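See below for the structure under consideration.
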Amino acid sequence: MTNKMWGGRFSSGPDAIMEEINASIGFDQRLFAQDIAGSKAHAAMLAKQGIISKADEKEIRKGLDAIEAEITAGTFTFSRALEDIHLNVESRLKELIGAAAGRLHTARSRNDQVAVDFRLYVRDTVDHLDAQLKDLQLALAEKAHVHAATIMPGFTHLQVAQPITFGHHCLAYVEMLARDRSRLADARKRMNESPLGSAALAGTSFPIDRHDTAKALGFDRPTRNSLDSVADRDFVLETLAASAICATHLSRLAEEIVIWSTAQFRFVKLSDKFTTGSSIMPQKRNPDAAELVRAKPGRILGALTALLVVMKGLPLTYSKDMQEDKEPAFDAFDSLSLAIAATTGMVKDIAPNEKEMRKAAASGFSTATDLADWLVRTLKMPFREAHHVTGSLVALAEKKGVDLPELTLADMQTVEPRIIRDVFKVLTVEASVASRRSFGGTAPKNVKREAARWLKLLKA
Ligand code: ARG
């Protein structure tokens with residue numbers, strides 16, 4: 001069978017394999033709403049400009065509405081012989097309204113059509129991801145507000161470093177997600193120009209109004225170069241890059257949830273909502289959701305890499321290679337969306353085990369820095385010397401099998417005779433976190449204030 005849409009020049013139909021490799025309808029049917037919105041804007045503009053009649057435009061609009069309803073209801077029959085969403089819609093339009101359908105494609109090509117559809121789709125995706133990220137920030141800021149003074153160990157090298165608060169840790173992710181959102185917003189700003197009306201590549205001889213269609217579709221303005229309009233997919237690349245960074249942030253939190261919920265750490269407990277059991281070991285509660293969030297950056301970065309490789313070295317303007325831009329991107333955006341939803345669920349669900357976290361925070365000589373700072377402040381010791389003295393005190397405590405606050409004053413004075421009882425005030429984890437009042441520090445007062453600030457911002 002010859003292709004119904006441009007059969008004129010072709011005497012025989014495509015080979016079955018040709019049809020299979022060529023068709024994108026299996027995945028680009030996702031763009032139906034954007035495709036129909038683009039077509040309506042185009043038809044309305046054609047009528048305003050007197051390029052098609054008002055009557056034809058009305059027929060086209062009614063037909064497109066009917067098609068949208070059919071697709072939404074699941075009664076539309078997609079045909080692989082019709083290649084892609086654009087031709088599937090146009091062909092159905094012809095069945096529904098007859099000759100007027102043939103005027104819709106005036107001054108347009110599938111090259112600008114797909115460019116506008118995909119921009120609209122990615123823009124919608126960015127808006128959706130942004131709303132989801134905001135919800136996750138809210139969940140984290142709420143946890144931070146409740147746990148502004150809940151003490152846990154802060155780690156470097158996954159070794160206990162200094163006591164911090166759980167709230168402070170939650171707010172670290174709120175900051176990362178804020179940057180993720182601003183990266184997406186940046187990408188959105190740059191992508192929000194309409195390629196519609198660039199036609200195949202060179203523009204058109206019809207007196208179209210690209211400003212009109214840009215405005216109708218919520219774009220800030222039309223793109224300025226018809227070749228660039230149909231040839232680039234950097235808006236997808238940028239959004240994928242921002243998505244990959246965001247997924248990487250989520251994976252770090254996921255990894256922490258995995259570690260924290262082990263029997264060795266016991267910092268947090270996840271409810272049955274976000275864990276699974278083992279088919280053989282009845283005692284197990286596995287953090288599968290966290291593990292999957294941890295794994296997602298693989299496919300998202302994979303999608304970015306795949307599209308960079310597709311685009312690299314492609315001569316201007318459109319080449320069919322570019323049809324390969326969609327599947328990995330769809331998968332990446334779906335994956336990120338699911339990962340954000342799962343992370344939000346886990347954050348809301350997570351119950352910190354304050355007793356265990358405090359115990360761990362007090363272990364591993366975590367207030368050694370506080371001791372060194374005390375030596376500097378009280379004895380006017382240079383920090384490097386204080387570091388050395390503290391090291392000797394840690395070695396002594398290690399030898400005796402005790403933690404720093406459990407050393408006696410006499411013990412301490414064997415290392416530095418000028419130490420007085422006052423030193424014990426700084427050796428508790430509570431005193432340690434309370435003293436970290438520098439801007440951005442972990443002091444519960446700071447954390448409470450920051451959490452409140454975020455909550456206000458996010459709820460505004
Ligand atoms: N399905 C195509 C794509 O996704 C639409 C554009 C087709 N253009 C063309 N000249 N064959 O890229």
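The way I read the labels, and the way they are meant: chains A, B, ... in the order of the structure tokens, residue 1 as the first residue of every chain, and ligand 1 as the first ligand shown, with later ones counted on from there.
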Can you tell me which residues surround Leu237 in chain A at a distance of at most 9 Å, considering only C-alpha atoms, apart from same-chain residues fewer than 2 positions away, and format the answer as an mmCIF file with C-alpha atoms, in the first residue's frame?
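Now in out08.cif:
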```
data_model
loop_
_atom_site.group_PDB
_atom_site.id
_atom_site.type_symbol
_atom_site.label_atom_id
_atom_site.label_comp_id
_atom_site.auth_asym_id
_atom_site.auth_seq_id
_atom_site.Cartn_x
_atom_site.Cartn_y
_atom_site.Cartn_z
ATOM 1 C CA ARG A 233 17.004 19.773 20.275
ATOM 2 C CA ASP A 234 19.090 21.565 22.857
ATOM 3 C CA PHE A 235 15.957 22.284 24.886
ATOM 4 C CA THR A 239 16.213 19.560 30.485
ATOM 5 C CA LEU A 240 17.779 16.101 30.528
ATOM 6 C CA ALA A 241 20.998 17.518 31.980
ATOM 7 C CA ALA A 242 19.062 19.287 34.725
ATOM 8 C CA ALA A 303 19.019 9.389 27.914
ATOM 9 C CA LEU A 304 21.156 12.526 27.972
ATOM 10 C CA THR A 305 24.130 10.640 26.569
ATOM 11 C CA LEU A 307 20.584 12.269 22.646
ATOM 12 C CA LEU A 308 23.967 14.017 22.721
ATOM 13 C CA ALA A 329 13.606 11.495 26.997
#
```
**Asked** Once you count only C-alpha atoms and all ligand atoms, which residues end up within 7 Å of ligand 1, and could you hand them over as a list in words?
**Response** Ser24, Glu83, Asp84, Arg110, Asn111, Val114, Tyr318, Lys320, Met322 and Gln323 of chain A
Go ahead and write the selection's residues with all heavy atoms as a JSON list (two decimals), in the first residue's frame.
```json
[["chain", "number", "residue", "atom", "x", "y", "z"],
["A", 24, "SER", "N", 7.09, 6.20, 14.22],
["A", 24, "SER", "CA", 7.31, 6.66, 15.60],
["A", 24, "SER", "C", 6.00, 6.72, 16.38],
["A", 24, "SER", "O", 5.98, 7.08, 17.55],
["A", 24, "SER", "CB", 7.98, 8.04, 15.59],
["A", 24, "SER", "OG", 7.22, 8.95, 14.79],
["A", 83, "GLU", "N", 2.86, 6.38, 10.10],
["A", 83, "GLU", "CA", 4.14, 6.82, 10.69],
["A", 83, "GLU", "C", 4.07, 7.43, 12.08],
["A", 83, "GLU", "O", 4.63, 6.91, 13.02],
["A", 83, "GLU", "CB", 4.83, 7.85, 9.78],
["A", 83, "GLU", "CG", 5.69, 7.23, 8.73],
["A", 83, "GLU", "CD", 6.57, 8.27, 8.04],
["A", 83, "GLU", "OE1", 7.30, 9.02, 8.72],
["A", 83, "GLU", "OE2", 6.51, 8.32, 6.82],
["A", 84, "ASP", "N", 3.48, 8.62, 12.16],
["A", 84, "ASP", "CA", 3.64, 9.34, 13.43],
["A", 84, "ASP", "C", 2.34, 10.03, 13.85],
["A", 84, "ASP", "O", 1.33, 9.95, 13.16],
["A", 84, "ASP", "CB", 4.80, 10.35, 13.33],
["A", 84, "ASP", "CG", 4.66, 11.31, 12.16],
["A", 84, "ASP", "OD1", 3.52, 11.58, 11.74],
["A", 84, "ASP", "OD2", 5.70, 11.80, 11.66],
["A", 110, "ARG", "N", 6.07, 18.87, 8.90],
["A", 110, "ARG", "CA", 6.19, 18.08, 10.13],
["A", 110, "ARG", "C", 7.44, 18.47, 10.90],
["A", 110, "ARG", "O", 7.57, 18.20, 12.09],
["A", 110, "ARG", "CB", 6.20, 16.59, 9.81],
["A", 110, "ARG", "CG", 4.81, 16.03, 9.57],
["A", 110, "ARG", "CD", 4.87, 14.53, 9.48],
["A", 110, "ARG", "NE", 5.68, 14.10, 8.34],
["A", 110, "ARG", "CZ", 6.23, 12.90, 8.22],
["A", 110, "ARG", "NH1", 6.07, 12.00, 9.17],
["A", 110, "ARG", "NH2", 6.93, 12.58, 7.16],
["A", 111, "ASN", "N", 8.39, 19.12, 10.20],
["A", 111, "ASN", "CA", 9.63, 19.49, 10.89],
["A", 111, "ASN", "C", 9.41, 20.58, 11.93],
["A", 111, "ASN", "O", 9.93, 20.50, 13.04],
["A", 111, "ASN", "CB", 10.69, 19.93, 9.87],
["A", 111, "ASN", "CG", 11.10, 18.79, 8.97],
["A", 111, "ASN", "OD1", 10.73, 17.64, 9.22],
["A", 111, "ASN", "ND2", 11.85, 19.09, 7.91],
["A", 114, "VAL", "N", 6.82, 18.95, 14.67],
["A", 114, "VAL", "CA", 7.37, 18.11, 15.74],
["A", 114, "VAL", "C", 8.20, 18.96, 16.70],
["A", 114, "VAL", "O", 8.21, 18.73, 17.92],
["A", 114, "VAL", "CB", 8.18, 16.91, 15.18],
["A", 114, "VAL", "CG1", 9.52, 17.34, 14.62],
["A", 114, "VAL", "CG2", 8.38, 15.86, 16.28],
["A", 318, "TYR", "N", 16.92, 19.32, 9.52],
["A", 318, "TYR", "CA", 16.32, 18.11, 10.07],
["A", 318, "TYR", "C", 16.89, 16.86, 9.41],
["A", 318, "TYR", "O", 17.10, 16.81, 8.20],
["A", 318, "TYR", "CB", 14.79, 18.13, 9.85],
["A", 318, "TYR", "CG", 14.10, 16.87, 10.37],
["A", 318, "TYR", "CD1", 13.73, 16.78, 11.70],
["A", 318, "TYR", "CD2", 13.86, 15.78, 9.53],
["A", 318, "TYR", "CE1", 13.12, 15.62, 12.19],
["A", 318, "TYR", "CE2", 13.25, 14.63, 10.01],
["A", 318, "TYR", "CZ", 12.89, 14.55, 11.34],
["A", 318, "TYR", "OH", 12.29, 13.41, 11.83],
["A", 320, "LYS", "N", 16.26, 12.42, 9.97],
["A", 320, "LYS", "CA", 15.37, 11.48, 10.67],
["A", 320, "LYS", "C", 16.00, 10.95, 11.96],
["A", 320, "LYS", "O", 15.30, 10.49, 12.86],
["A", 320, "LYS", "CB", 14.98, 10.32, 9.75],
["A", 320, "LYS", "CG", 13.76, 9.53, 10.23],
["A", 320, "LYS", "CD", 12.48, 10.35, 10.23],
["A", 320, "LYS", "CE", 11.25, 9.52, 10.53],
["A", 320, "LYS", "NZ", 10.33, 9.40, 9.38],
["A", 322, "MET", "N", 16.77, 12.50, 14.25],
["A", 322, "MET", "CA", 16.21, 13.29, 15.36],
["A", 322, "MET", "C", 14.93, 12.70, 15.92],
["A", 322, "MET", "O", 14.50, 13.06, 17.01],
["A", 322, "MET", "CB", 16.02, 14.75, 14.93],
["A", 322, "MET", "CG", 17.36, 15.46, 14.82],
["A", 322, "MET", "SD", 17.28, 16.96, 13.85],
["A", 322, "MET", "CE", 16.27, 17.96, 14.91],
["A", 323, "GLN", "N", 14.35, 11.76, 15.19],
["A", 323, "GLN", "CA", 13.17, 11.07, 15.73],
["A", 323, "GLN", "C", 13.55, 10.25, 16.96],
["A", 323, "GLN", "O", 12.71, 9.91, 17.78],
["A", 323, "GLN", "CB", 12.58, 10.17, 14.64],
["A", 323, "GLN", "CG", 11.36, 9.40, 15.05],
["A", 323, "GLN", "CD", 10.63, 8.81, 13.85],
["A", 323, "GLN", "OE1", 9.93, 9.52, 13.12],
["A", 323, "GLN", "NE2", 10.80, 7.52, 13.63]]
```
**Request:** Extract the full set of strand (DSSP E) residues from range 105-161 of chain A according to DSSP on the backbone, and format it as a list of chain:residue names.
**Result:**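 Put together, the selection reads A:Ile151, A:Met152, A:Pro153, A:Gly154, A:Phe155, A:Thr156, A:Gln159, A:Val160, A:Ala161.
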**Asked** Hey, what does DSSP flag as helix (DSSP H, G or I) within range 159-298 of chain A? Can you give it to me as a PyMOL selection string?
**Response** chain A and resi 166-191+210-216+226-231+234-260+272-274+288-295+297-298
Could the residues in this selection be written to a file with C-alpha atoms, as a PDB file, in the first residue's frame?
```
ATOM      1  CA  PHE A 166      18.713  15.996  61.447  1.00  0.00           C
ATOM      2  CA  GLY A 167      16.882  19.169  60.466  1.00  0.00           C
ATOM      3  CA  HIS A 168      20.091  20.647  59.104  1.00  0.00           C
ATOM      4  CA  HIS A 169      20.652  17.523  57.030  1.00  0.00           C
ATOM      5  CA  CYS A 170      17.116  17.747  55.595  1.00  0.00           C
ATOM      6  CA  LEU A 171      17.631  21.395  54.684  1.00  0.00           C
ATOM      7  CA  ALA A 172      20.791  20.517  52.756  1.00  0.00           C
ATOM      8  CA  TYR A 173      18.535  18.681  50.294  1.00  0.00           C
ATOM      9  CA  VAL A 174      16.044  21.549  50.220  1.00  0.00           C
ATOM     10  CA  GLU A 175      18.907  23.742  48.942  1.00  0.00           C
ATOM     11  CA  MET A 176      19.956  21.202  46.293  1.00  0.00           C
ATOM     12  CA  LEU A 177      16.383  20.897  45.065  1.00  0.00           C
ATOM     13  CA  ALA A 178      16.065  24.673  44.904  1.00  0.00           C
ATOM     14  CA  ARG A 179      19.009  24.732  42.498  1.00  0.00           C
ATOM     15  CA  ASP A 180      17.501  21.849  40.526  1.00  0.00           C
ATOM     16  CA  ARG A 181      14.322  23.857  40.178  1.00  0.00           C
ATOM     17  CA  SER A 182      16.188  26.935  39.071  1.00  0.00           C
ATOM     18  CA  ARG A 183      18.104  24.914  36.469  1.00  0.00           C
ATOM     19  CA  LEU A 184      14.802  23.624  35.088  1.00  0.00           C
ATOM     20  CA  ALA A 185      13.392  27.145  35.143  1.00  0.00           C
ATOM     21  CA  ASP A 186      16.414  28.362  33.190  1.00  0.00           C
ATOM     22  CA  ALA A 187      15.945  25.673  30.577  1.00  0.00           C
ATOM     23  CA  ARG A 188      12.273  26.573  30.376  1.00  0.00           C
ATOM     24  CA  LYS A 189      13.068  30.219  29.739  1.00  0.00           C
ATOM     25  CA  ARG A 190      15.356  29.401  26.826  1.00  0.00           C
ATOM     26  CA  MET A 191      13.039  26.794  25.298  1.00  0.00           C
ATOM     27  CA  ARG A 210       4.373  33.652  13.757  1.00  0.00           C
ATOM     28  CA  HIS A 211       3.919  36.085  16.621  1.00  0.00           C
ATOM     29  CA  ASP A 212       0.257  35.159  16.732  1.00  0.00           C
ATOM     30  CA  THR A 213       0.824  31.403  16.985  1.00  0.00           C
ATOM     31  CA  ALA A 214       3.642  31.924  19.491  1.00  0.00           C
ATOM     32  CA  LYS A 215       1.319  33.901  21.705  1.00  0.00           C
ATOM     33  CA  ALA A 216      -1.560  31.453  21.329  1.00  0.00           C
ATOM     34  CA  SER A 226      13.980  28.856  10.632  1.00  0.00           C
ATOM     35  CA  LEU A 227      16.962  26.509  10.197  1.00  0.00           C
ATOM     36  CA  ASP A 228      17.826  26.554  13.881  1.00  0.00           C
ATOM     37  CA  SER A 229      14.146  26.075  14.722  1.00  0.00           C
ATOM     38  CA  VAL A 230      13.814  22.705  13.055  1.00  0.00           C
ATOM     39  CA  ALA A 231      17.368  21.492  13.599  1.00  0.00           C
ATOM     40  CA  ASP A 234      19.090  21.565  22.857  1.00  0.00           C
ATOM     41  CA  PHE A 235      15.957  22.284  24.886  1.00  0.00           C
ATOM     42  CA  VAL A 236      15.624  18.533  25.465  1.00  0.00           C
ATOM     43  CA  LEU A 237      19.332  18.166  26.216  1.00  0.00           C
ATOM     44  CA  GLU A 238      19.264  20.954  28.764  1.00  0.00           C
ATOM     45  CA  THR A 239      16.213  19.560  30.485  1.00  0.00           C
ATOM     46  CA  LEU A 240      17.779  16.101  30.528  1.00  0.00           C
ATOM     47  CA  ALA A 241      20.998  17.518  31.980  1.00  0.00           C
ATOM     48  CA  ALA A 242      19.062  19.287  34.725  1.00  0.00           C
ATOM     49  CA  SER A 243      17.097  16.079  35.276  1.00  0.00           C
ATOM     50  CA  ALA A 244      20.258  14.004  35.573  1.00  0.00           C
ATOM     51  CA  ILE A 245      21.675  16.381  38.175  1.00  0.00           C
ATOM     52  CA  CYS A 246      18.409  16.336  40.086  1.00  0.00           C
ATOM     53  CA  ALA A 247      18.265  12.519  39.962  1.00  0.00           C
ATOM     54  CA  THR A 248      21.818  12.446  41.293  1.00  0.00           C
ATOM     55  CA  HIS A 249      20.739  14.524  44.266  1.00  0.00           C
ATOM     56  CA  LEU A 250      17.816  12.204  44.917  1.00  0.00           C
ATOM     57  CA  SER A 251      20.099   9.176  44.681  1.00  0.00           C
ATOM     58  CA  ARG A 252      22.305  10.512  47.461  1.00  0.00           C
ATOM     59  CA  LEU A 253      19.353  10.927  49.797  1.00  0.00           C
ATOM     60  CA  ALA A 254      18.151   7.466  48.745  1.00  0.00           C
ATOM     61  CA  GLU A 255      21.547   5.986  49.562  1.00  0.00           C
ATOM     62  CA  GLU A 256      21.445   7.647  52.976  1.00  0.00           C
ATOM     63  CA  ILE A 257      18.014   6.168  53.610  1.00  0.00           C
ATOM     64  CA  VAL A 258      19.394   2.743  52.659  1.00  0.00           C
ATOM     65  CA  ILE A 259      22.341   3.141  55.043  1.00  0.00           C
ATOM     66  CA  TRP A 260      20.328   4.724  57.839  1.00  0.00           C
ATOM     67  CA  ASP A 272       5.653  -0.957  55.253  1.00  0.00           C
ATOM     68  CA  LYS A 273       4.530   1.628  52.713  1.00  0.00           C
ATOM     69  CA  PHE A 274       8.018   1.971  51.257  1.00  0.00           C
ATOM     70  CA  ASP A 288      13.457  -1.158  47.694  1.00  0.00           C
ATOM     71  CA  ALA A 289      11.987   2.234  46.870  1.00  0.00           C
ATOM     72  CA  ALA A 290      15.157   3.960  48.063  1.00  0.00           C
ATOM     73  CA  GLU A 291      17.321   1.531  46.124  1.00  0.00           C
ATOM     74  CA  LEU A 292      15.373   2.189  42.937  1.00  0.00           C
ATOM     75  CA  VAL A 293      15.628   5.950  43.400  1.00  0.00           C
ATOM     76  CA  ARG A 294      19.353   5.396  43.899  1.00  0.00           C
ATOM     77  CA  ALA A 295      19.467   3.553  40.569  1.00  0.00           C
ATOM     78  CA  PRO A 297      20.276   8.365  37.470  1.00  0.00           C
ATOM     79  CA  GLY A 298      21.595   5.554  35.261  1.00  0.00           C
TER      80      GLY A 298
END
```
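With only C-alpha atoms as the atoms that count, the minimum distance from Phe267 in chain A to the choices A:Leu82, A:Leu404, A:Ala37, A:Met357 is reached by A:Met357.
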**Request:** Give me the residues within 9 Å of Pro328 in chain A as a PyMOL selection string, counting only C-alpha atoms and dropping any in the same chain fewer than 4 places off.
**Result:** chain A and resi 299-300+302-304+306-307+324+332-333
**Item:** Contacts of range 346-350 of chain A at 7 Å (only C-alpha atoms; same-chain gap of 2+ positions) as a ChimeraX atom specification
**Value:** /A:139-140,268-271,274,342-344,352
**Asked** What's the 9 Å shell around Leu458 in chain A, counting only C-alpha atoms, without same-chain residues fewer than 5 positions away, as a VMD selection string?
**Response** chain A and resid 134 to 135 137 to 138 453
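For the pair CA of Leu379 in chain A and CA of Val426 in chain A, the separation is 14.3 Å.
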Nearby residues (only C-alpha atoms) at most 12 Å from Val402 in chain A, same-chain spacing under 5 positions excluded, as a short mmCIF file (atom, residue, chain, number, x, y, z; two decimals) with C-alpha atoms, in the first residue's frame:
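The resulting file, selection22.cif, is shown below:
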```
data_model
loop_
_atom_site.label_atom_id
_atom_site.label_comp_id
_atom_site.auth_asym_id
_atom_site.auth_seq_id
_atom_site.Cartn_x
_atom_site.Cartn_y
_atom_site.Cartn_z
CA ALA A 362 28.38 11.05 70.66
CA SER A 363 30.63 8.23 69.48
CA GLY A 364 33.86 8.44 67.53
CA PHE A 365 35.19 11.44 69.51
CA LEU A 393 43.66 13.40 74.41
CA VAL A 394 41.77 11.33 71.82
CA ALA A 395 44.59 8.77 71.86
CA LEU A 396 44.39 8.65 75.66
CA ALA A 397 40.61 8.15 75.59
CA LEU A 407 38.02 11.30 80.64
CA THR A 408 38.67 12.69 84.13
CA ASP A 411 43.55 12.42 82.87
#
```
**Message:** Neighbouring residues of range 42-49 of chain A were defined as those with any atom within 9 Å, considering only C-alpha atoms; residues of the same chain fewer than 3 positions away were excluded. Please report them as a PyMOL selection string.
**Reply:** chain A and resi 37-39+52-58+60-61+103-108+196-197+207-210+212-213
**Request:** Would you please work out which residue, of A:Ser79, A:Trp374, A:Asn225, A:Leu64, is nearest to Asp422 in chain A when using only C-alpha atoms?
**Result:** A:Trp374
Please produce, as CSV, a per-residue contact table for range 412-444 of chain A versus range 149-160 of chain A (criterion: any atom at most 9 Å away, only C-alpha atoms considered), showing the nearest atom pair and its distance in Å to one decimal, sorted by chain then residue number.
```
residue,atom,partner,partner_atom,distance
A:Val429,CA,A:Ile151,CA,7.6
A:Glu430,CA,A:Ile151,CA,7.5
A:Val433,CA,A:Ile151,CA,7.9
A:Ala434,CA,A:Ala149,CA,8.8
A:Ala443,CA,A:Ala149,CA,7.8
A:Pro444,CA,A:Ala149,CA,4.7
```
